[in-house]
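S.K.: The structure that follows is given in the form of structure tokens.
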Amino acid sequence: MSQPWDLPEREATPEKVVLSRRRWLKRIGLGTLALGAAGAAVWYHWFRPGTDEEVLRSNPYEAPAKDLYPAERNKHFAEVDRALTEEAEAARYTNFYEFTSFKDVWRKVAAFRPVPWTVEVTGLVAKPRTYDIDSLVRAFPLEERVYRHRCVETWAMVVPWTGFPLADLIQKAEPLPEARFVRFVSFHDPEHAPGQKSRSQPWPYNEGLTLAEATNELAFIGTGMYGHPLLKQHGAPVRLVVPWKYGFKSAKSIVRVELTDKQPATFWSTVARDLYDFWANVNPNEPGQGMETMLGTKERRTTQPYNGYGEWVAKLYAT
Ligand SMILES: Nc1nc2c(c(=O)[nH]1)N[C@H]1C(S)=C(S)[C@@H](COP(=O)(O)O)O[C@H]1N2
Ligand SMILES: [Mo]
């Protein structure tokens, strides 16, 4: 006699189909696992943070004037109000849009060649000169200075730079009376710097200062960090260091320093004027800039006017 729970034979799922369904489920399960494993491998290859050893040593090059490092620390800039950033933490998280718009620049700079290299000092000067990088590093006495660095993205670090005052380089060229600004131009080599293939950005990277800012005691030409020549991702073989301004002012891998009588256009102010103003002094009163986070320790700090360097530079902006 037929019961309500009896299925007519034609509606019952044949056993064969049930079995093959089970097999499929199992396969999908295995497939998901396999995909997961492949995904993890891809993630591991591209996004894993990188060991200290990797970020510091994956991109060696024959650096100029290596024998001059470490240089003696300048006692006036021997420390700041907070600890030095771990070298590997600084090296792991860098901005260098010529190579990538992500922070893992160390993964992308293998093809970059910081030697041979020349730096031209030119424009409104009596004595223009092109320095080979080795002669540039040897031309002025190297010293070490511990400076705070503050990116407009609100991360910050404390770094011992090696280099010499920018004022030395500028004075040597003998600025003409009509010189009022200094323009800094980074290298241009899209073949080795894939970021420069983007046509929506005004390559090469360039920045500018007034002549008064550029010859302030703090403005520095960096050739090294942490007691040795610059790593590629930090802007080898030579960069600018302007500690009272947002980091984007500190142009990396520069090839030209040009004195002008007009305020130069700059890379970022061309891309987004409001965010990357020519003046760009670190200022806690700007929207979103009140706090900063230290690389490595993730310690939060309140932003200081002029990044803590008002004593040296506030006079430049007194009206
Ligand atoms: N040529 C060049 N210089 C550059 C940049 C860049 O993308 N290209 N980024 C700037 C920014 S936004 C900052 S915060 C600092 C970062 O220096 P670091 O990566 O060595 O810490 O470099 C600056 N100099
Ligand atoms: Mo920055």
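Residue numbering restarts at 1 for every chain of the structure tokens, chains are lettered A, B, ... in their displayed order, and ligands are numbered from 1 as they appear.
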To check your reading of the model: which residues sit at most 7 Å from ligand 1 when counting only C-alpha atoms and all ligand atoms? Write the answer as a list in words.
M.R.: Ala90, Tyr93, Thr94, Asn95, Phe96, Tyr97, Glu98, Arg150, Cys151, Val152, Ser186, Tyr205, Gln233, His234, Gly235, Tyr246, Gly247, Phe248, Lys249, Ser250, Ala251, Lys252 and Ser253 of chain A
S.K.: From a DSSP calculation on the backbone, collect every residue of stretch 22-253 of chain A in helix (DSSP H, G or I) and output the set as a PyMOL selection string.
M.R.: chain A and resi 22-46+52-57+66-68+75-77+87-92+105-107+133-139+166-172+194-197+211-214+232-234+247-249
S.K.: Got a sec: who's within 9 Å of stretch 158-160 of chain A, counting only C-alpha atoms, leaving out chain neighbours fewer than 6 positions off, as a ChimeraX atom specification?
M.R.: /A:73,78-80,82-87,90,144-150,224-227,294-295
S.K.: Could you write those residues out with N, CA, C and O atoms, as a compact mmCIF listing (two decimals), in the first residue's frame?
M.R.:
```txt
# COMPACT_ATOMS: atom_id res chain seq x y z
N ARG A 73 78.89 61.75 13.06
CA ARG A 73 77.61 62.39 13.32
C ARG A 73 77.82 63.83 13.76
O ARG A 73 78.64 64.10 14.63
N ALA A 78 72.39 65.23 16.44
CA ALA A 78 72.76 63.88 16.86
C ALA A 78 71.56 63.05 17.26
O ALA A 78 71.62 61.82 17.21
N GLU A 79 70.47 63.71 17.69
CA GLU A 79 69.27 62.94 18.06
C GLU A 79 68.05 63.83 18.00
O GLU A 79 68.16 65.06 17.92
N VAL A 80 66.87 63.21 18.05
CA VAL A 80 65.63 63.97 18.13
C VAL A 80 64.85 63.44 19.33
O VAL A 80 65.38 62.67 20.13
N ARG A 82 62.71 61.25 19.70
CA ARG A 82 62.20 59.88 19.64
C ARG A 82 63.26 58.98 19.02
O ARG A 82 64.23 59.48 18.43
N ALA A 83 63.07 57.67 19.18
CA ALA A 83 64.09 56.70 18.76
C ALA A 83 64.24 56.65 17.24
O ALA A 83 63.30 56.95 16.50
N LEU A 84 65.42 56.23 16.79
CA LEU A 84 65.63 55.97 15.36
C LEU A 84 64.67 54.88 14.90
O LEU A 84 64.38 53.95 15.65
N THR A 85 64.22 54.99 13.68
CA THR A 85 63.42 53.94 13.06
C THR A 85 64.34 52.78 12.69
O THR A 85 65.47 53.01 12.25
N GLU A 86 63.87 51.56 12.88
CA GLU A 86 64.64 50.38 12.46
C GLU A 86 64.94 50.50 10.98
O GLU A 86 64.04 50.79 10.19
N GLU A 87 66.17 50.24 10.60
CA GLU A 87 66.57 50.40 9.21
C GLU A 87 65.69 49.59 8.24
O GLU A 87 65.27 50.09 7.19
N ALA A 90 62.24 51.18 7.65
CA ALA A 90 62.31 52.30 6.70
C ALA A 90 62.47 51.78 5.27
O ALA A 90 61.85 52.28 4.34
N GLU A 144 76.93 62.92 9.32
CA GLU A 144 75.67 62.21 9.57
C GLU A 144 74.75 63.12 10.38
O GLU A 144 75.22 63.81 11.29
N ARG A 145 73.46 63.11 10.02
CA ARG A 145 72.47 63.90 10.75
C ARG A 145 71.22 63.07 11.00
O ARG A 145 70.69 62.49 10.06
N VAL A 146 70.76 63.08 12.23
CA VAL A 146 69.50 62.40 12.56
C VAL A 146 68.36 63.40 12.37
O VAL A 146 68.34 64.45 13.02
N TYR A 147 67.45 63.08 11.46
CA TYR A 147 66.32 63.96 11.17
C TYR A 147 65.01 63.19 11.28
O TYR A 147 64.96 62.01 10.94
N ARG A 148 63.95 63.91 11.67
CA ARG A 148 62.59 63.38 11.50
C ARG A 148 62.20 63.50 10.04
O ARG A 148 62.59 64.47 9.38
N HIS A 149 61.41 62.53 9.57
CA HIS A 149 60.84 62.60 8.22
C HIS A 149 59.33 62.42 8.36
O HIS A 149 58.88 61.55 9.10
N ARG A 150 58.59 63.22 7.63
CA ARG A 150 57.13 63.15 7.74
C ARG A 150 56.52 63.15 6.35
O ARG A 150 56.67 64.12 5.59
N GLY A 224 73.67 58.84 1.78
CA GLY A 224 73.64 57.60 2.54
C GLY A 224 72.63 57.64 3.66
O GLY A 224 72.05 58.70 3.97
N MET A 225 72.40 56.49 4.26
CA MET A 225 71.49 56.32 5.41
C MET A 225 72.06 55.22 6.27
O MET A 225 72.63 54.26 5.74
N TYR A 226 71.89 55.31 7.57
CA TYR A 226 72.31 54.25 8.49
C TYR A 226 73.78 53.84 8.26
O TYR A 226 74.12 52.66 8.30
N GLY A 227 74.60 54.83 7.97
CA GLY A 227 76.04 54.57 7.92
C GLY A 227 76.57 53.95 6.65
O GLY A 227 77.73 53.53 6.61
N MET A 294 54.50 56.33 13.49
CA MET A 294 55.89 55.98 13.22
C MET A 294 55.98 54.63 12.48
O MET A 294 55.28 53.67 12.84
N LEU A 295 56.82 54.55 11.47
CA LEU A 295 57.07 53.28 10.79
C LEU A 295 57.63 52.29 11.81
O LEU A 295 58.43 52.65 12.67
```
S.K.: Quick one: of A:Pro264, A:Pro243, A:Gly290, A:Gly195, who's nearest to ligand 2, counting only C-alpha atoms and all ligand atoms?
M.R.: A:Pro243
S.K.: At a cut-off of 9 Å, using only C-alpha atoms, what residues contact A:Asn285? Leave out same-chain residues fewer than 4 positions from it and give the result as a ChimeraX atom specification.
M.R.: /A:289-290,303,305
S.K.: Hey, can you spit out that residue selection with all heavy atoms as a CSV table (one decimal), in the first residue's frame?
M.R.:
```csv
chain,number,residue,atom,x,y,z
A,289,GLN,N,46.1,66.2,9.2
A,289,GLN,CA,47.5,66.2,9.5
A,289,GLN,C,47.9,66.3,10.9
A,289,GLN,O,49.1,66.3,11.3
A,289,GLN,CB,48.3,67.3,8.7
A,289,GLN,CG,48.2,67.1,7.2
A,289,GLN,CD,48.9,65.9,6.6
A,289,GLN,OE1,49.6,65.2,7.4
A,289,GLN,NE2,48.6,65.5,5.4
A,290,GLY,N,46.9,66.3,11.8
A,290,GLY,CA,47.2,66.5,13.3
A,290,GLY,C,48.0,65.4,13.9
A,290,GLY,O,48.7,65.7,14.9
A,303,THR,N,51.5,65.8,15.4
A,303,THR,CA,52.4,66.4,14.4
A,303,THR,C,52.9,67.7,15.0
A,303,THR,O,52.1,68.4,15.7
A,303,THR,CB,51.5,66.7,13.2
A,303,THR,OG1,51.0,65.4,12.7
A,303,THR,CG2,52.3,67.3,12.1
A,305,PRO,N,54.5,71.6,14.3
A,305,PRO,CA,54.7,72.6,13.2
A,305,PRO,C,56.1,72.5,12.7
A,305,PRO,O,57.1,72.3,13.4
A,305,PRO,CB,54.4,73.9,13.9
A,305,PRO,CG,53.8,73.6,15.3
A,305,PRO,CD,54.2,72.2,15.6
```
S.K.: When distances are computed from only C-alpha atoms and all ligand atoms, which of A:Leu275, A:Leu218, A:Val125, A:Ala139 shows the smallest separation from ligand 2?
M.R.: A:Leu275
S.K.: Using only C-alpha atoms and all ligand atoms, can you tell me which of A:His76, A:Met157, A:Ile254, A:Leu124 comes closest to ligand 2?
M.R.: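 Closest to ligand 2, using only C-alpha atoms and all ligand atoms: A:Met157.
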S.K.: Could you pull the residues within 9 Å of A:Leu142, counting only C-alpha atoms, minus those fewer than 3 positions along the same chain, as a PyMOL selection string?
M.R.: chain A and resi 68-72+137-139+162-165+223
S.K.: Pick the closest to ligand 2 from A:Trp161, A:Phe187, A:Trp312, A:Trp268: which is it, counting only C-alpha atoms and all ligand atoms?
M.R.: A:Trp268
